$ cat entry-v6.cif   # mmCIF, C-alpha atoms and all ligand atoms
data_work
#
loop_
_atom_site.label_atom_id
_atom_site.label_comp_id
_atom_site.auth_asym_id
_atom_site.auth_seq_id
_atom_site.Cartn_x
_atom_site.Cartn_y
_atom_site.Cartn_z
CA MET A 13 82.78 -48.89 35.31
CA SER A 14 82.13 -48.85 39.05
CA PRO A 15 84.13 -46.45 41.25
CA THR A 16 87.09 -47.83 43.24
CA THR A 17 87.17 -47.77 47.06
CA SER A 18 89.59 -44.83 47.07
CA GLU A 19 87.27 -42.87 44.74
CA VAL A 20 84.32 -43.55 47.04
CA LEU A 21 86.39 -42.40 50.05
CA ALA A 22 87.53 -39.29 48.17
CA PHE A 23 83.81 -38.54 47.66
CA ALA A 24 83.16 -39.09 51.40
CA ARG A 25 86.04 -36.69 52.22
CA ALA A 26 84.64 -34.06 49.85
CA VAL A 27 81.17 -34.36 51.44
CA HIS A 28 82.79 -34.12 54.90
CA VAL A 29 84.74 -30.95 54.11
CA LEU A 30 81.79 -29.28 52.32
CA ALA A 31 79.45 -30.01 55.24
CA VAL A 32 82.00 -28.71 57.77
CA LEU A 33 82.60 -25.61 55.60
CA HIS A 34 78.90 -24.77 55.41
CA TRP A 35 78.20 -25.42 59.09
CA ILE A 36 81.31 -23.85 60.73
CA GLY A 37 81.27 -21.01 58.20
CA GLY A 38 77.70 -20.30 59.31
CA VAL A 39 78.73 -20.39 62.97
CA GLY A 40 81.51 -17.90 62.16
CA PHE A 41 79.10 -15.58 60.34
CA VAL A 42 76.55 -15.69 63.16
CA THR A 43 79.24 -15.14 65.84
CA LEU A 44 81.21 -12.37 64.14
CA VAL A 45 78.56 -10.60 62.05
CA VAL A 46 75.03 -11.30 63.30
CA LEU A 47 75.94 -11.15 67.01
CA GLY A 48 78.44 -8.30 66.52
CA GLY A 49 77.89 -4.54 66.56
CA ARG A 50 77.05 -1.89 69.13
CA GLU A 51 73.30 -1.56 68.60
CA PRO A 52 70.97 -2.06 71.58
CA ALA A 53 70.85 -5.68 72.81
CA GLU A 54 67.17 -5.99 71.78
CA ALA A 55 67.98 -5.19 68.14
CA ILE A 56 70.91 -7.64 67.96
CA LEU A 57 68.84 -10.38 69.61
CA ALA A 58 65.94 -9.89 67.18
CA ARG A 59 68.39 -10.16 64.27
CA PHE A 60 70.03 -13.24 65.81
CA LEU A 61 66.71 -15.04 66.40
CA ALA A 62 65.56 -14.33 62.83
CA VAL A 63 68.83 -15.58 61.27
CA GLU A 64 69.06 -18.59 63.59
CA ARG A 65 65.53 -19.67 62.68
CA ARG A 66 66.61 -19.93 59.04
CA PHE A 67 70.11 -21.32 59.59
CA ALA A 68 69.33 -23.98 62.21
CA PRO A 69 67.63 -26.39 59.73
CA GLN A 70 70.59 -26.05 57.33
CA ALA A 71 73.05 -26.62 60.19
CA ARG A 72 71.12 -29.80 61.19
CA ILE A 73 71.52 -31.22 57.67
CA ALA A 74 75.23 -30.25 57.56
CA VAL A 75 75.83 -31.86 60.99
CA LEU A 76 74.20 -35.09 59.79
CA LEU A 77 76.25 -35.11 56.58
CA ALA A 78 79.53 -34.34 58.42
CA GLY A 79 78.86 -37.06 61.01
CA GLY A 80 77.81 -39.66 58.43
CA SER A 81 80.74 -38.99 56.12
CA GLY A 82 83.14 -38.88 59.11
CA LEU A 83 82.02 -42.34 60.26
CA TRP A 84 82.25 -43.54 56.68
CA LEU A 85 85.90 -42.33 56.56
CA VAL A 86 86.76 -43.95 59.92
CA GLN A 87 85.28 -47.22 58.67
CA GLY A 88 86.62 -47.08 55.12
CA LEU A 89 90.18 -46.03 56.07
CA ASP A 90 90.12 -48.35 59.11
CA LEU A 91 91.06 -45.53 61.53
CA GLY A 92 89.21 -46.64 64.69
CA TRP A 93 92.54 -47.44 66.43
CA ARG A 94 93.39 -43.71 66.45
CA PHE A 95 90.84 -43.11 69.22
CA ALA A 96 93.10 -45.05 71.62
CA GLU A 97 96.11 -42.79 70.85
CA PRO A 98 96.39 -39.41 72.66
CA GLY A 99 98.55 -38.06 69.81
CA PHE A 100 95.42 -38.19 67.65
CA TRP A 101 93.69 -35.61 69.88
CA TRP A 102 92.23 -33.98 66.76
CA MET A 103 90.20 -37.14 66.04
CA HIS A 104 88.68 -36.84 69.53
CA ALA A 105 88.21 -33.09 69.00
CA MET A 106 86.16 -33.72 65.82
CA VAL A 107 83.85 -36.10 67.67
CA VAL A 108 83.51 -33.79 70.71
CA VAL A 109 82.69 -30.73 68.54
CA TRP A 110 80.24 -32.82 66.54
CA LEU A 111 78.54 -34.09 69.72
CA LEU A 112 78.22 -30.59 71.20
CA PHE A 113 76.46 -29.27 68.09
CA ALA A 114 74.34 -32.40 67.60
CA LEU A 115 73.11 -32.24 71.21
CA ALA A 116 72.40 -28.51 70.93
CA LEU A 117 70.62 -28.69 67.55
CA PHE A 118 68.71 -31.97 67.88
CA LEU A 119 67.97 -32.17 71.62
CA ALA A 120 68.45 -29.01 73.70
CA GLU A 121 67.09 -26.48 71.18
CA PRO A 122 63.81 -28.17 70.26
CA LEU A 123 63.20 -29.46 73.80
CA PHE A 124 63.85 -26.40 75.96
CA LEU A 125 66.75 -24.14 74.91
CA HIS A 126 64.90 -22.09 72.29
CA ALA A 127 61.85 -21.36 74.44
CA TRP A 128 64.02 -20.62 77.49
CA PHE A 129 66.28 -18.28 75.51
CA GLU A 130 63.37 -16.34 73.99
CA ARG A 131 61.98 -15.76 77.50
CA LEU A 132 65.41 -14.64 78.77
CA ALA A 133 65.85 -12.35 75.75
CA ALA A 134 62.51 -10.66 76.55
CA ARG A 135 63.19 -10.37 80.30
CA ALA A 136 66.94 -9.58 80.42
CA PRO A 137 68.26 -8.76 76.92
CA VAL A 138 71.73 -7.57 77.98
CA ARG A 139 72.37 -10.78 79.92
CA ALA A 140 70.91 -12.93 77.14
CA LEU A 141 73.18 -11.27 74.56
CA ALA A 142 76.31 -11.71 76.71
CA LEU A 143 75.44 -15.37 77.21
CA VAL A 144 74.75 -16.18 73.56
CA ARG A 145 77.87 -14.28 72.43
CA GLY A 146 80.02 -16.18 74.94
CA PHE A 147 78.70 -19.57 73.86
CA HIS A 148 79.09 -18.83 70.17
CA ARG A 149 82.68 -17.58 70.64
CA LEU A 150 83.58 -20.68 72.63
CA LEU A 151 82.06 -23.05 70.05
CA LEU A 152 83.66 -21.17 67.14
CA ALA A 153 87.09 -21.26 68.83
CA ALA A 154 86.80 -25.01 69.51
CA SER A 155 85.65 -25.64 65.91
CA LEU A 156 88.46 -23.61 64.34
CA LEU A 157 91.10 -25.25 66.55
CA THR A 158 89.73 -28.63 65.47
CA VAL A 159 89.80 -27.74 61.77
CA ALA A 160 93.36 -26.33 62.05
CA GLY A 161 94.62 -29.34 64.06
CA THR A 162 93.01 -31.84 61.70
CA VAL A 163 94.21 -30.27 58.45
CA ALA A 164 97.75 -29.80 59.88
CA ALA A 165 97.86 -33.44 61.01
CA VAL A 166 96.41 -34.93 57.80
CA HIS A 167 98.56 -32.84 55.43
CA GLY A 168 101.50 -31.84 57.65
C1 LIG A 201 81.45 -37.75 64.27
C2 LIG A 201 82.18 -36.75 63.86
C3 LIG A 201 83.40 -36.85 62.95
C4 LIG A 201 84.10 -37.93 62.53
C5 LIG A 201 83.87 -39.39 62.85
C6 LIG A 201 85.15 -37.44 61.66
C7 LIG A 201 86.11 -38.21 61.01
C8 LIG A 201 87.06 -37.76 60.13
C9 LIG A 201 88.02 -38.60 59.43
C10 LIG A 201 88.17 -40.09 59.61
C11 LIG A 201 88.77 -37.80 58.64
C12 LIG A 201 89.93 -38.23 57.72
C13 LIG A 201 91.23 -38.23 58.49
C14 LIG A 201 92.41 -38.69 57.67
O1 LIG A 201 92.39 -38.56 56.44
O2 LIG A 201 93.39 -39.14 58.27
C15 LIG A 201 88.29 -36.44 58.81
C16 LIG A 201 88.79 -35.33 58.18
C17 LIG A 201 88.46 -34.03 58.50
N1 LIG A 201 87.48 -33.63 59.39
FE1 LIG A 201 86.28 -34.85 60.48
N2 LIG A 201 85.08 -36.08 61.58
C18 LIG A 201 84.02 -35.67 62.37
C19 LIG A 201 83.61 -34.37 62.60
C20 LIG A 201 84.31 -33.25 62.18
C21 LIG A 201 84.07 -31.90 62.63
C22 LIG A 201 83.02 -31.49 63.63
C23 LIG A 201 84.96 -31.09 61.99
C24 LIG A 201 85.16 -29.59 62.11
C25 LIG A 201 85.06 -28.91 63.18
C26 LIG A 201 85.75 -31.93 61.11
C27 LIG A 201 86.73 -31.48 60.27
C28 LIG A 201 87.51 -32.26 59.45
C29 LIG A 201 88.52 -31.74 58.55
C30 LIG A 201 88.85 -30.27 58.31
C31 LIG A 201 89.12 -32.84 57.95
C32 LIG A 201 90.33 -32.82 57.00
C33 LIG A 201 89.98 -33.14 55.60
C34 LIG A 201 91.25 -33.15 54.80
O3 LIG A 201 92.00 -32.15 54.86
O4 LIG A 201 91.52 -34.11 54.14
N3 LIG A 201 85.33 -33.24 61.26
N4 LIG A 201 87.26 -36.45 59.73
#
$ encode --input "entry-v6.cif" --output "structure tokens" --more "lines below"
Ligand code: HEM
Amino acid sequence: MSPTTSEVLAFARAVHVLAVLHWIGGVGFVTLVVLGGREPAEAILARFLAVERRFAPQARIAVLLAGGSGLWLVQGLDLGWRFAEPGFWWMHAMVVVWLLFALALFLAEPLFLHAWFERLAARAPVRALALVRGFHRLLLAASLLTVAGTVAAVHG
């Protein structure tokens, strides 16, 4: 027996939520645990760079899976019209958050961001730590707001 359309879309939704869970959960862990603490900036940065090196490839896969399954849901549930409605701000928020991470992970980081940040971390560790903490907090806040808004709208 072949699966029905709604079973296929339930699978896409499960993939979407698992990918978002893994990726945003990782961002939360890096922001609140890896980048936290009162040790010298050099020690926190060394820990951050080591963790990031291992997590970035996993985050890239999760971002691809979340984006692919998200498009699959838009297509399958015929939800494209929502992007013209301001009340569906959480649909726009998902795409904006996705784009920010995709640009960072697939373009900026490999092209220049990683090399630039390692140089800054060596030259001015306190400034580098403040910068990377600020960016991670901002991205985590935007991601959590998006998750909360989306789940409230879909199930509210
Ligand atoms: C290109 C990027 C994305 C697209 C096209 C997309 C699309 C969608 C669609 C169509 C749904 C189903 C909505 C409904 O059932 O009415 C959905 C659900 C959801 N998305 Fe996304 N999404 C994307 C990225 C993201 C990101 C980055 C996050 C997290 C920050 C996210 C979190 C969620 C959550 C939590 C749900 C709710 C699942 C549920 O409770 O049923 N999505 N997404």
$ atom_distance --input "entry-v6.cif" --atom1 "atom C31 of ligand LIG 201 (chain A)" --atom2 "atom CA of Phe60 of chain A"
28.5 Å
$ residues_around --input "entry-v6.cif" --residues "segment 91-103 of chain A" --least-positions-apart "4" --cutoff "10 Å" --atoms "all atoms listed in the file" --output "MDAnalysis selection string"
chainID A and resid 83 85:87 107:108 157:166
$ atom_distance --input "entry-v6.cif" --atom1 "atom CA of Ala55 of chain A" --atom2 "atom CA of Leu125 of chain A"
20.2 Å
$ atom_distance --input "entry-v6.cif" --atom1 "atom CA of Gly79 of chain A" --atom2 "atom CA of Val144 of chain A"
24.7 Å
$ residues_around --input "entry-v6.cif" --residues "Leu57 of chain A" --least-positions-apart "5" --cutoff "12 Å" --atoms "all atoms listed in the file" --output "mmCIF file with C-alpha atoms, in the frame of the given file"
data_model
loop_
_atom_site.group_PDB
_atom_site.id
_atom_site.type_symbol
_atom_site.label_atom_id
_atom_site.label_comp_id
_atom_site.auth_asym_id
_atom_site.auth_seq_id
_atom_site.Cartn_x
_atom_site.Cartn_y
_atom_site.Cartn_z
ATOM 1 C CA VAL A 42 76.550 -15.690 63.160
ATOM 2 C CA VAL A 46 75.030 -11.300 63.300
ATOM 3 C CA LEU A 47 75.940 -11.150 67.010
ATOM 4 C CA GLY A 48 78.440 -8.300 66.520
ATOM 5 C CA GLY A 49 77.890 -4.540 66.560
ATOM 6 C CA ARG A 50 77.050 -1.890 69.130
ATOM 7 C CA GLU A 51 73.300 -1.560 68.600
ATOM 8 C CA PRO A 52 70.970 -2.060 71.580
ATOM 9 C CA ALA A 62 65.560 -14.330 62.830
ATOM 10 C CA VAL A 63 68.830 -15.580 61.270
ATOM 11 C CA GLU A 64 69.060 -18.590 63.590
ATOM 12 C CA PHE A 129 66.280 -18.280 75.510
ATOM 13 C CA GLU A 130 63.370 -16.340 73.990
ATOM 14 C CA ARG A 131 61.980 -15.760 77.500
ATOM 15 C CA LEU A 132 65.410 -14.640 78.770
ATOM 16 C CA ALA A 133 65.850 -12.350 75.750
ATOM 17 C CA ALA A 134 62.510 -10.660 76.550
ATOM 18 C CA ALA A 136 66.940 -9.580 80.420
ATOM 19 C CA PRO A 137 68.260 -8.760 76.920
ATOM 20 C CA VAL A 138 71.730 -7.570 77.980
ATOM 21 C CA ARG A 139 72.370 -10.780 79.920
ATOM 22 C CA ALA A 140 70.910 -12.930 77.140
ATOM 23 C CA LEU A 141 73.180 -11.270 74.560
ATOM 24 C CA ALA A 142 76.310 -11.710 76.710
ATOM 25 C CA LEU A 143 75.440 -15.370 77.210
ATOM 26 C CA VAL A 144 74.750 -16.180 73.560
ATOM 27 C CA ARG A 145 77.870 -14.280 72.430
#
